[in-house]
file data.cif (mmCIF, C-alpha atoms)
data_run
loop_
_atom_site.label_atom_id
_atom_site.label_comp_id
_atom_site.auth_asym_id
_atom_site.auth_seq_id
_atom_site.Cartn_x
_atom_site.Cartn_y
_atom_site.Cartn_z
CA MET A 1 -126.92 20.53 -17.69
CA THR A 2 -124.28 19.74 -15.06
CA HIS A 3 -121.23 21.90 -15.64
CA LEU A 4 -117.64 20.84 -15.28
CA THR A 5 -115.86 21.43 -11.99
CA GLU A 6 -112.54 23.24 -11.83
CA GLU A 7 -110.86 19.85 -11.26
CA ASP A 8 -112.46 18.54 -14.47
CA LEU A 9 -111.18 21.59 -16.34
CA ILE A 10 -107.65 21.05 -14.99
CA LEU A 11 -107.69 17.36 -15.98
CA ALA A 12 -108.96 18.34 -19.43
CA TYR A 13 -106.27 21.03 -19.77
CA TYR A 14 -103.57 18.44 -19.09
CA ASN A 15 -105.32 15.80 -21.17
CA GLU A 16 -105.18 13.31 -18.33
CA PRO A 17 -106.77 9.89 -18.82
CA GLY A 18 -110.53 10.16 -18.49
CA ALA A 19 -110.65 13.73 -19.81
CA ASP A 20 -112.54 12.59 -22.95
CA LEU A 21 -115.92 13.21 -21.34
CA ALA A 22 -114.85 16.68 -20.26
CA HIS A 23 -113.66 17.47 -23.80
CA ALA A 24 -116.99 16.29 -25.18
CA HIS A 25 -118.80 18.52 -22.70
CA LEU A 26 -116.61 21.49 -23.59
CA ALA A 27 -117.48 21.09 -27.24
CA ALA A 28 -121.17 21.45 -26.37
CA CYS A 29 -121.15 23.96 -23.49
CA PRO A 30 -120.12 27.59 -24.16
CA GLU A 31 -120.12 28.43 -20.45
CA CYS A 32 -117.62 25.70 -19.54
CA ARG A 33 -115.62 26.46 -22.67
CA ALA A 34 -115.24 30.04 -21.44
CA SER A 35 -114.02 28.76 -18.06
CA ALA A 36 -111.57 26.44 -19.80
CA GLU A 37 -110.26 29.32 -21.91
CA SER A 38 -109.87 31.48 -18.84
CA LEU A 39 -107.86 28.72 -17.14
CA ALA A 40 -105.70 28.28 -20.23
CA ARG A 41 -105.04 32.05 -20.39
CA ALA A 42 -103.96 32.14 -16.75
CA LEU A 43 -101.66 29.15 -17.21
CA SER A 44 -100.23 30.61 -20.40
CA VAL A 45 -98.37 33.11 -18.18
CA CYS A 46 -96.51 30.10 -16.73
CA ASN A 47 -95.48 29.04 -20.23
CA GLN A 48 -93.72 32.36 -20.81
CA TRP A 49 -91.43 31.79 -17.85
CA THR A 50 -88.30 30.35 -19.42
CA VAL A 51 -85.32 28.76 -17.78
CA PRO A 52 -82.03 30.64 -18.23
CA GLU A 53 -80.03 29.04 -21.01
CA ARG A 54 -76.89 27.16 -20.00
CA SER A 55 -73.63 27.58 -21.84
CA PRO A 56 -72.54 24.73 -24.12
CA GLU A 57 -69.91 23.87 -21.49
CA PHE A 58 -72.47 23.48 -18.72
CA ALA A 59 -72.72 19.67 -18.83
CA HIS A 60 -68.94 19.36 -18.98
CA ASP A 61 -68.61 21.70 -15.98
CA VAL A 62 -71.11 19.61 -14.02
CA TRP A 63 -68.97 16.56 -14.70
CA THR A 64 -65.74 18.34 -13.75
CA ARG A 65 -67.19 19.38 -10.40
CA LEU A 66 -68.65 15.93 -9.85
CA VAL A 67 -65.55 13.81 -10.47
CA PRO A 68 -63.68 14.49 -7.20
CA GLN A 69 -66.84 13.73 -5.22
CA LEU A 70 -67.36 10.41 -6.98
CA TYR A 71 -64.07 9.14 -5.69
CA LEU A 72 -64.62 10.52 -2.24
CA GLN A 73 -67.72 8.38 -2.02
CA PRO A 74 -66.98 5.29 -4.08
CA GLN A 75 -70.00 3.65 -5.64
CA PRO A 76 -69.54 0.01 -4.64
CA LYS A 77 -70.04 0.29 -0.91
CA PRO A 78 -69.24 -2.98 0.90
CA ARG A 79 -72.39 -4.29 2.54
CA TRP A 80 -70.67 -5.23 5.81
CA ARG A 81 -69.62 -1.61 6.26
CA GLY A 82 -73.20 -0.39 5.81
CA LEU A 83 -74.40 -2.94 8.33
CA ARG A 84 -71.77 -1.86 10.83
CA ILE A 85 -72.94 1.76 10.53
CA TRP A 86 -76.52 0.65 11.12
CA THR A 87 -75.50 -1.35 14.16
CA ALA A 88 -73.63 1.65 15.53
CA ALA A 89 -76.62 3.90 14.86
CA THR A 90 -78.92 1.49 16.67
CA GLY A 91 -76.49 1.34 19.58
CA PHE A 92 -76.41 5.13 19.78
CA ALA A 93 -80.21 5.30 19.75
CA VAL A 94 -80.37 2.76 22.60
CA LEU A 95 -77.82 4.80 24.56
CA LEU A 96 -79.88 7.95 24.12
CA LEU A 97 -82.97 6.14 25.31
CA ALA A 98 -81.10 4.74 28.32
CA VAL A 99 -80.15 8.30 29.27
CA PHE A 100 -83.77 9.33 28.81
CA PHE A 101 -85.15 6.51 31.00
CA ALA A 102 -82.44 6.90 33.62
CA GLY A 103 -83.34 10.53 34.00
CA ARG A 104 -87.06 9.89 34.00
CA TYR A 105 -87.22 7.05 36.53
CA SER A 106 -84.39 7.87 38.91
CA ARG A 107 -85.30 11.51 39.41
CA PRO A 108 -88.00 11.18 42.14
CA SER A 109 -85.79 9.19 44.54
CA THR A 110 -82.51 11.05 44.05
CA PRO A 111 -83.17 14.37 42.39
CA PRO A 112 -79.64 15.80 42.64
CA VAL A 113 -78.06 12.81 40.83
CA MET A 114 -79.85 13.56 37.53
CA ALA A 115 -79.95 17.26 38.05
CA GLY A 116 -77.73 17.62 35.00
CA LEU A 117 -80.58 16.72 32.66
CA SER A 118 -83.67 18.85 32.70
CA ASP A 119 -87.06 17.65 31.39
CA GLN A 120 -86.47 19.82 28.35
CA ALA A 121 -83.07 18.24 27.68
CA ARG A 122 -84.54 14.75 27.95
CA GLU A 123 -87.36 15.69 25.57
CA ARG A 124 -84.82 17.08 23.14
CA ILE A 125 -82.74 13.89 23.32
CA LEU A 126 -85.83 11.84 22.61
CA ALA A 127 -86.88 14.09 19.69
CA ILE A 128 -83.37 13.72 18.19
CA ALA A 129 -83.38 9.94 18.67
CA VAL A 130 -86.82 9.51 17.06
CA ALA A 131 -85.97 11.86 14.16
CA ASP A 132 -82.72 9.91 13.55
CA HIS A 133 -84.67 6.66 13.68
CA LEU A 134 -87.12 8.02 11.09
CA ASP A 135 -84.19 9.13 8.95
CA ARG A 136 -82.97 5.53 8.85
CA VAL A 137 -86.54 4.37 8.14
CA GLN A 138 -86.72 6.85 5.26
CA ILE A 139 -83.47 5.58 3.73
CA LEU A 140 -84.67 1.98 3.85
CA LEU A 141 -88.12 2.85 2.48
CA THR A 142 -86.55 4.79 -0.39
CA GLU A 143 -84.30 1.86 -1.21
CA ILE A 144 -87.19 -0.61 -1.13
CA ALA A 145 -89.36 1.75 -3.21
CA ASN A 146 -86.65 1.89 -5.86
CA THR A 147 -85.55 -1.73 -5.85
CA SER A 148 -86.70 -4.33 -8.33
CA GLY A 149 -86.13 -7.18 -5.88
CA ALA A 150 -83.88 -8.70 -8.47
CA ASN A 151 -80.82 -8.36 -6.33
CA PRO A 152 -81.07 -10.96 -3.56
CA GLU A 153 -77.86 -9.91 -1.83
CA THR A 154 -79.10 -6.36 -1.45
CA PHE A 155 -82.45 -7.33 -0.05
CA ALA A 156 -80.96 -9.80 2.41
CA SER A 157 -79.23 -6.89 4.12
CA ASP A 158 -82.41 -4.80 3.88
CA ARG A 159 -84.20 -7.50 5.89
CA VAL A 160 -81.55 -7.29 8.59
CA ARG A 161 -81.86 -3.52 8.67
CA ALA A 162 -85.65 -3.77 8.88
CA GLU A 163 -85.30 -6.13 11.85
CA ASP A 164 -82.93 -3.62 13.55
CA LEU A 165 -85.46 -0.88 12.94
CA VAL A 166 -88.25 -2.97 14.50
CA GLN A 167 -86.22 -3.32 17.71
CA GLU A 168 -85.18 0.32 17.69
CA GLY A 169 -88.73 1.49 16.92
CA ARG A 170 -90.14 -0.46 19.86
CA LEU A 171 -87.83 1.32 22.28
CA MET A 172 -88.82 4.67 20.76
CA ARG A 173 -92.50 3.85 21.10
CA GLN A 174 -92.12 2.93 24.76
CA SER A 175 -90.25 6.15 25.46
CA LEU A 176 -92.82 8.25 23.65
CA ALA A 177 -95.70 6.43 25.34
CA ALA A 178 -94.11 7.25 28.69
CA GLN A 179 -94.22 10.90 27.65
CA GLY A 180 -97.82 10.64 26.44
CA GLU A 181 -96.89 11.39 22.81
CA THR A 182 -99.86 9.55 21.27
CA PRO A 183 -99.82 10.72 17.61
CA THR A 184 -96.11 9.95 17.10
CA THR A 185 -96.49 6.69 19.03
CA ASN A 186 -99.31 5.61 16.71
CA PHE A 187 -97.25 6.53 13.68
CA LEU A 188 -94.26 4.53 14.93
CA ASP A 189 -96.65 1.63 15.38
CA GLU A 190 -97.59 1.91 11.68
CA VAL A 191 -93.91 2.03 10.69
CA GLU A 192 -93.17 -0.98 12.89
CA ARG A 193 -95.90 -3.06 11.22
CA PHE A 194 -94.33 -2.34 7.84
CA MET A 195 -90.81 -3.11 9.08
CA ILE A 196 -91.96 -6.45 10.53
CA GLU A 197 -93.30 -7.37 7.09
CA ALA A 198 -90.08 -6.23 5.41
CA ALA A 199 -87.98 -8.18 7.92
CA HIS A 200 -90.01 -11.32 7.22
CA THR A 201 -90.23 -11.05 3.45
CA PRO A 202 -90.72 -14.61 2.20
CA ASP A 203 -87.99 -16.39 0.29
CA ALA A 204 -88.55 -17.03 -3.37
CA PRO A 205 -89.10 -20.61 -4.44
CA PRO A 206 -86.86 -22.54 -4.54
CA ALA A 207 -85.92 -21.28 -1.10
CA ALA A 208 -82.34 -20.09 -0.89
CA PRO A 209 -80.82 -18.06 1.89
CA GLY A 210 -81.18 -14.36 1.24
CA ARG A 211 -83.12 -14.75 -2.01
CA VAL A 212 -86.44 -12.96 -1.72
CA SER A 213 -89.57 -13.16 -3.77
CA ALA A 214 -89.89 -10.39 -6.36
CA ASP A 215 -93.68 -10.46 -5.73
CA ALA A 216 -93.13 -9.86 -2.05
CA VAL A 217 -90.88 -6.89 -2.79
CA ARG A 218 -93.49 -5.56 -5.19
CA GLU A 219 -96.12 -5.84 -2.46
CA LEU A 220 -93.89 -3.92 -0.08
CA ARG A 221 -93.40 -1.22 -2.71
CA ASP A 222 -97.14 -1.02 -3.28
CA ARG A 223 -97.71 -0.69 0.46
CA ILE A 224 -95.24 2.17 0.66
CA GLU A 225 -97.02 3.97 -2.18
CA SER A 226 -100.63 3.21 -1.23
CA GLY A 227 -100.19 4.35 2.36
CA SER A 228 -97.99 7.35 1.47
CA LEU A 229 -95.66 5.94 4.11
CA LEU A 230 -92.52 7.61 2.80
CA PHE A 231 -94.26 10.98 2.62
CA LYS A 232 -95.59 10.63 6.18
CA VAL A 233 -92.15 9.63 7.50
CA ARG A 234 -90.67 12.78 5.95
CA ILE A 235 -93.35 14.99 7.47
CA VAL A 236 -93.11 13.49 10.97
CA GLU A 237 -89.31 13.62 10.87
CA SER A 238 -89.40 17.22 9.70
CA ASN A 239 -91.84 18.12 12.52
CA LEU A 240 -89.59 16.47 15.08
CA ARG A 241 -86.55 18.35 13.79
CA ASN A 242 -88.49 21.61 14.11
CA GLU A 243 -89.60 20.66 17.60
CA GLU A 244 -86.03 19.75 18.49
CA GLN A 245 -84.89 23.25 17.44
CA LYS A 246 -87.49 24.86 19.68
CA LEU A 247 -86.56 22.81 22.78
CA MET B 1 -73.23 1.26 -32.31
CA ASN B 2 -75.46 3.94 -30.91
CA TYR B 3 -74.09 4.67 -27.47
CA GLY B 4 -77.54 5.08 -25.93
CA ASP B 5 -78.54 5.38 -22.29
CA ASP B 6 -78.95 1.61 -22.02
CA VAL B 7 -75.37 0.85 -23.01
CA ALA B 8 -73.94 3.66 -20.88
CA LEU B 9 -76.09 2.55 -17.94
CA GLU B 10 -74.94 -1.03 -18.15
CA GLN B 11 -71.32 0.07 -18.07
CA ALA B 12 -71.87 2.71 -15.38
CA ARG B 13 -73.48 0.04 -13.19
CA SER B 14 -70.25 -1.90 -13.23
CA GLY B 15 -68.40 1.18 -11.98
CA ASN B 16 -67.30 2.67 -15.30
CA SER B 17 -67.16 6.40 -14.59
CA ASP B 18 -66.56 7.27 -18.27
CA ALA B 19 -69.93 5.72 -19.08
CA PHE B 20 -71.49 7.67 -16.23
CA ARG B 21 -69.94 10.81 -17.68
CA VAL B 22 -71.88 10.20 -20.89
CA LEU B 23 -75.10 10.07 -18.87
CA VAL B 24 -74.23 13.20 -16.90
CA GLU B 25 -73.43 15.20 -20.01
CA ARG B 26 -76.58 13.98 -21.73
CA HIS B 27 -79.02 14.74 -18.89
CA ALA B 28 -77.44 17.67 -16.99
CA THR B 29 -79.40 20.40 -18.75
CA ALA B 30 -82.77 18.65 -18.29
CA VAL B 31 -82.07 18.12 -14.59
CA PHE B 32 -81.06 21.77 -14.29
CA ARG B 33 -84.37 22.87 -15.85
CA LEU B 34 -86.34 20.92 -13.26
CA ALA B 35 -84.18 22.12 -10.36
CA TYR B 36 -84.44 25.73 -11.53
CA ARG B 37 -88.23 25.60 -11.73
CA MET B 38 -88.34 24.14 -8.24
CA THR B 39 -85.80 26.36 -6.48
CA GLY B 40 -86.34 29.58 -8.42
CA ASN B 41 -82.65 30.44 -8.74
CA GLU B 42 -79.63 29.30 -10.69
CA THR B 43 -77.16 28.77 -7.85
CA ASP B 44 -79.41 26.44 -5.88
CA ALA B 45 -80.44 24.69 -9.08
CA GLU B 46 -76.81 23.99 -9.97
CA ASP B 47 -76.21 22.60 -6.47
CA MET B 48 -79.23 20.34 -6.90
CA VAL B 49 -77.85 19.10 -10.23
CA GLN B 50 -74.60 18.10 -8.51
CA GLU B 51 -76.46 16.37 -5.69
CA THR B 52 -78.72 14.56 -8.10
CA PHE B 53 -75.88 13.05 -10.09
CA LEU B 54 -73.89 12.20 -6.99
CA ARG B 55 -76.88 10.33 -5.58
CA ALA B 56 -77.49 8.70 -8.96
CA TRP B 57 -73.89 7.41 -9.04
CA ARG B 58 -74.19 5.97 -5.58
CA GLU B 59 -77.55 4.35 -6.29
CA ILE B 60 -77.10 3.35 -9.92
CA ARG B 61 -76.95 -0.35 -9.11
CA ARG B 62 -80.42 -0.08 -7.67
CA PHE B 63 -81.89 1.46 -10.82
CA ASP B 64 -84.21 -1.27 -12.06
CA GLY B 65 -85.06 0.14 -15.49
CA ARG B 66 -88.83 0.24 -14.90
CA ALA B 67 -88.76 3.93 -15.75
CA SER B 68 -86.36 5.61 -18.16
CA PHE B 69 -83.05 6.82 -16.75
CA GLY B 70 -84.22 10.42 -17.30
CA THR B 71 -87.39 9.84 -15.27
CA TRP B 72 -85.36 8.22 -12.51
CA LEU B 73 -83.07 11.26 -12.41
CA HIS B 74 -86.10 13.54 -12.25
CA ARG B 75 -87.37 11.56 -9.29
CA ILE B 76 -84.05 11.89 -7.46
CA CYS B 77 -83.82 15.59 -8.27
CA ALA B 78 -87.43 16.27 -7.16
CA ASN B 79 -86.91 14.49 -3.85
CA ARG B 80 -83.56 16.09 -3.12
CA THR B 81 -84.92 19.54 -3.95
CA VAL B 82 -88.05 19.10 -1.81
CA ASP B 83 -85.81 18.15 1.13
CA PHE B 84 -83.54 21.11 0.38
CA LEU B 85 -86.47 23.57 0.20
CA ARG B 86 -87.95 22.19 3.41
CA ALA B 87 -84.64 22.58 5.19
CA ARG B 88 -84.25 26.11 3.86
CA ASN B 89 -87.95 26.71 4.40
CA ARG B 90 -88.39 29.28 1.71
CA TRP B 91 -88.39 29.72 -2.05
CA GLN B 92 -85.78 32.00 -3.59
CA PRO B 93 -87.18 34.17 -6.34
CA ALA B 94 -86.07 33.53 -9.88
CA LEU B 95 -85.45 37.18 -10.58
CA SER B 96 -83.14 37.98 -7.75
CA PRO B 97 -81.24 41.20 -8.43
CA MET B 98 -77.76 40.90 -9.86
CA THR B 99 -74.84 41.11 -7.50
CA GLU B 100 -72.40 43.98 -7.96
CA ASP B 101 -69.85 41.58 -9.49
CA GLU B 102 -72.40 40.26 -11.97
CA GLU B 103 -73.49 43.78 -12.87
CA HIS B 104 -69.94 44.81 -13.76
CA ASP B 105 -68.90 41.59 -15.45
CA PRO B 106 -68.15 42.57 -19.08
CA PHE B 107 -68.44 38.95 -20.18
CA ARG B 108 -71.83 38.45 -18.58
CA GLY B 109 -74.06 36.65 -21.03
CA LEU B 110 -71.37 35.91 -23.60
CA ALA B 111 -70.88 32.31 -22.55
CA SER B 112 -74.51 31.32 -22.86
CA ASP B 113 -76.92 31.32 -25.77
CA GLU B 114 -78.96 34.30 -24.72
CA PRO B 115 -82.59 34.30 -25.73
CA SER B 116 -83.85 37.14 -27.90
CA PRO B 117 -84.46 40.43 -26.03
CA GLU B 118 -88.22 40.12 -26.61
CA ARG B 119 -88.31 36.60 -25.26
CA ALA B 120 -86.14 37.56 -22.31
CA ALA B 121 -88.42 40.52 -21.56
CA ARG B 122 -91.55 38.35 -21.72
CA SER B 123 -89.91 35.76 -19.48
CA ALA B 124 -88.85 38.43 -16.99
CA GLU B 125 -92.39 39.81 -16.95
CA ALA B 126 -93.86 36.33 -16.51
CA GLY B 127 -91.30 35.59 -13.80
CA ALA B 128 -92.24 38.76 -11.94
CA MET B 129 -95.90 37.72 -11.98
CA LEU B 130 -95.19 34.12 -11.11
CA GLU B 131 -92.73 34.79 -8.34
CA PRO B 132 -95.24 35.66 -5.58
CA ALA B 133 -97.71 33.07 -6.87
CA LEU B 134 -95.15 30.26 -6.77
CA ALA B 135 -93.86 31.42 -3.40
CA ALA B 136 -97.37 30.94 -2.01
CA LEU B 137 -97.36 27.23 -2.92
CA SER B 138 -96.14 24.53 -0.55
CA GLU B 139 -93.04 22.56 -1.63
CA ILE B 140 -95.19 19.58 -2.57
CA GLU B 141 -97.67 21.71 -4.54
CA ARG B 142 -94.89 23.49 -6.40
CA THR B 143 -93.06 20.26 -7.16
CA ALA B 144 -96.22 18.49 -8.32
CA PHE B 145 -97.10 21.47 -10.52
CA VAL B 146 -93.60 21.75 -12.02
CA LEU B 147 -93.49 18.03 -12.77
CA ARG B 148 -96.93 18.11 -14.39
CA HIS B 149 -96.91 21.46 -16.14
CA TYR B 150 -93.30 21.90 -17.22
CA GLU B 151 -91.93 18.37 -17.29
CA GLY B 152 -95.08 16.83 -18.73
CA LEU B 153 -95.23 13.91 -16.30
CA ALA B 154 -98.62 12.20 -16.00
CA ILE B 155 -100.26 12.39 -12.57
CA ASP B 156 -99.32 8.77 -11.81
CA GLU B 157 -95.68 9.55 -12.58
CA VAL B 158 -95.81 12.68 -10.41
CA ALA B 159 -97.16 10.51 -7.59
CA SER B 160 -94.37 8.01 -8.07
CA ALA B 161 -91.73 10.77 -8.10
CA LEU B 162 -93.09 12.24 -4.87
CA GLY B 163 -93.69 8.90 -3.16
CA VAL B 164 -97.38 9.65 -2.61
CA GLN B 165 -100.65 8.14 -3.80
CA PRO B 166 -101.97 9.33 -7.18
CA GLY B 167 -104.94 10.93 -5.39
CA ALA B 168 -102.62 13.00 -3.23
CA ALA B 169 -100.57 14.08 -6.26
CA ARG B 170 -103.74 15.01 -8.15
CA HIS B 171 -104.96 17.16 -5.25
CA SER B 172 -101.57 18.86 -4.94
CA ILE B 173 -101.77 19.76 -8.63
CA PHE B 174 -105.37 20.97 -8.24
CA ARG B 175 -104.44 23.16 -5.28
CA ALA B 176 -101.40 24.54 -7.10
CA VAL B 177 -103.32 25.35 -10.30
CA ARG B 178 -106.18 26.89 -8.33
CA LYS B 179 -103.82 29.17 -6.41
CA LEU B 180 -101.85 30.11 -9.54
CA ARG B 181 -105.03 30.77 -11.49
CA ARG B 182 -106.35 33.16 -8.82
CA ALA B 183 -103.01 34.95 -8.74
CA LEU B 184 -102.51 35.14 -12.51
CA GLU B 185 -106.04 35.70 -13.81
CA CYS B 186 -105.76 39.46 -13.52
CA HIS B 187 -102.58 39.41 -15.62
CA ALA B 188 -103.76 37.00 -18.29
#
call {"tool": "encode", "arguments": {"input": "data.cif", "output": "structure tokens"}}
result
Amino acid sequence: MTHLTEEDLILAYYNEPGADLAHAHLAACPECRASAESLARALSVCNQWTVPERSPEFAHDVWTRLVPQLYLQPQPKPRWRGLRIWTAATGFAVLLLAVFFAGRYSRPSTPPVMAGLSDQARERILAIAVADHLDRVQILLTEIANTSGANPETFASDRVRAEDLVQEGRLMRQSLAAQGETPTTNFLDEVERFMIEAAHTPDAPPAAPGRVSADAVRELRDRIESGSLLFKVRIVESNLRNEEQKL
Amino acid sequence: MNYGDDVALEQARSGNSDAFRVLVERHATAVFRLAYRMTGNETDAEDMVQETFLRAWREIRRFDGRASFGTWLHRICANRTVDFLRARNRWQPALSPMTEDEEHDPFRGLASDEPSPERAARSAEAGAMLEPALAALSEIERTAFVLRHYEGLAIDEVASALGVQPGAARHSIFRAVRKLRRALECHA
């Protein structure tokens, strides 16, 4: 008789879909039943860990602390303002890259001119620029992952932002390639392919400016989830931030 | 009319902060429970509750209703807390010793519904056993485990909350349970 694996026992413990076969096996196999009971005993310790009770005023206190912040950051944010911030961010990233390239390519002919920026400083600038770029990618991915596609105005601006990120990402890739940073370069390539698709999301029939197909948005969402893109962006960004601290 | 989440949501979406208040007061304790399990201490958990609702207010127009409002809040809270833990890079134990002020506060415990002494003792004992075991988990493993074990989310929902594939969520849960089992078996 083939016994259940620990994974099977865990799925059976949580009654996940497909655990029926495992339950049937447990009913017939004392050895696996003993393992299942041992797992349940160990996890029962977790069940005894309770969360400290909140006072009856807790929810009210949360609201009281929240109110001033709500009006500091009003909910309906004008789209043009968001776009202007993105444009400024892109401009800043380009400026950082210009500094990076200027230092890299002018150094051999006139070393004293760029003496102000060491290799380490340039690497740090690049790490900051790429991490900031990934931060903007993460925001857009999160928004796409949580959008229904039902709001055409919102997605029209998302397409513009995706296009900005394609341009910005290309500059980053070139800079990283010049440094020989292959893994991050390859990852930016993956991000760029997604952003190109997002920037060219087809219009819904009947075609109207800015109105996007809900199916196309769903496909984008599925791509984010199936490739764990959001998760990878977070990891790479976090690694770059750590690297940036060390430089 | 039953002023349910749907009605409050509809009004909050159009910028009605009173309607949002209804949602905050209805879900604050559940969000706190999740944040506490993830951070391991009350202060950080309360901060995460604030951040969760602030983000929810700013993003409420994007909420598409595919999941319940509570699940959506859980997703925001889980993501914010993972980022917070990564930035802090460590897990604060649940049973941190009381500060001197707390120790001498004569009203300590009066404001909240204290659990029975037996239950509190069992919880403290369980917390003491769990503390090192949970600290040994990665942020993703701990979050996946908390969402599955304590919040009762199915693996697919855990995956959606974490923005990963169901396979990745399943393996995070497996790794978390395996590590916890090894650590807790001798106590069980």
call {"tool": "residues_around", "arguments": {"input": "data.cif", "residues": "Thr142 of chain A", "least_positions_apart": "4", "cutoff": "10 Å", "atoms": "all atoms listed in the file", "output": "ChimeraX atom specification"}}
result
/A:136-138,146-147,221,224,230 /B:163
call {"tool": "closest_residue", "arguments": {"input": "data.cif", "among": "A:Ala178, A:Ala162, A:Ala40, A:Leu21", "to": "chain B", "atoms": "all atoms listed in the file"}}
result
A:Ala40
call {"tool": "interface_residues", "arguments": {"input": "data.cif", "of": "chain A", "to": "chain B", "cutoff": "6 Å", "atoms": "all atoms listed in the file", "output": "tab-separated table (two decimals) with C-alpha atoms, keeping the file's coordinate frame"}}
result
chain	number	residue	atom	x	y	z
A	41	ARG	CA	-105.04	32.05	-20.39
A	42	ALA	CA	-103.96	32.14	-16.75
A	45	VAL	CA	-98.37	33.11	-18.18
A	48	GLN	CA	-93.72	32.36	-20.81
A	49	TRP	CA	-91.43	31.79	-17.85
A	50	THR	CA	-88.30	30.35	-19.42
A	54	ARG	CA	-76.89	27.16	-20.00
A	55	SER	CA	-73.63	27.58	-21.84
A	59	ALA	CA	-72.72	19.67	-18.83
A	75	GLN	CA	-70.00	3.65	-5.64
A	147	THR	CA	-85.55	-1.73	-5.85
A	148	SER	CA	-86.70	-4.33	-8.33
A	225	GLU	CA	-97.02	3.97	-2.18
A	226	SER	CA	-100.63	3.21	-1.23
A	228	SER	CA	-97.99	7.35	1.47
call {"tool": "resolve_selection", "arguments": {"input": "data.cif", "expression": "the PyMOL selection byres ((chain A and resi 158) around 9)", "output": "NGL selection string"}}
result
:A and (140 or 143-144 or 153-157 or 159-163 or 198-199)
call {"tool": "atom_distance", "arguments": {"input": "data.cif", "atom1": "atom CA of Thr43 of chain B", "atom2": "atom CA of Arg80 of chain B"}}
result
15.0 Å
call {"tool": "atom_distance", "arguments": {"input": "data.cif", "atom1": "atom CA of Glu244 of chain A", "atom2": "atom CA of Ser175 of chain A"}}
result
15.9 Å
call {"tool": "residues_near_point", "arguments": {"input": "data.cif", "point": "(-84.9, 12.4, -14.8)", "cutoff": "10 Å", "atoms": "only C-alpha atoms", "output": "list in words"}}
result
His27, Ala28, Ala30, Val31, Leu34, Thr52, Ala67, Ser68, Phe69, Gly70, Thr71, Trp72, Leu73, His74, Arg75, Ile76, Cys77, Ala78, Glu151 and Ala161 of chain B
call {"tool": "atom_distance", "arguments": {"input": "data.cif", "atom1": "atom CA of Val236 of chain A", "atom2": "atom CA of Glu139 of chain B"}}
result
15.5 Å
call {"tool": "closest_residue", "arguments": {"input": "data.cif", "among": "B:Ile140, B:Glu10, B:Ala133, B:Val158", "to": "Ile235 of chain A", "atoms": "all atoms listed in the file"}}
result
B:Ile140
call {"tool": "residues_around", "arguments": {"input": "data.cif", "residues": "Glu237 of chain A", "least_positions_apart": "4", "cutoff": "7 Å", "atoms": "all atoms listed in the file", "output": "ChimeraX atom specification"}}
result
/A:131,134,233,241
call {"tool": "resolve_selection", "arguments": {"input": "data.cif", "expression": "the PyMOL selection byres ((chain A and resi 243) around 12)", "output": "list in words"}}
result
Gln120, Glu123, Arg124, Ile125, Leu126, Ala127, Ile128, Val130, Ala131, Val236, Glu237, Ser238, Asn239, Leu240, Arg241, Asn242, Glu244, Gln245, Lys246 and Leu247 of chain A
call {"tool": "residues_near_point", "arguments": {"input": "data.cif", "point": "(-91.9, 0.5, 19.7)", "cutoff": "12 Å", "atoms": "all atoms listed in the file", "output": "NGL selection string"}}
result
:A and (97 or 130 or 133 or 164-178 or 184-193 or 195-196)
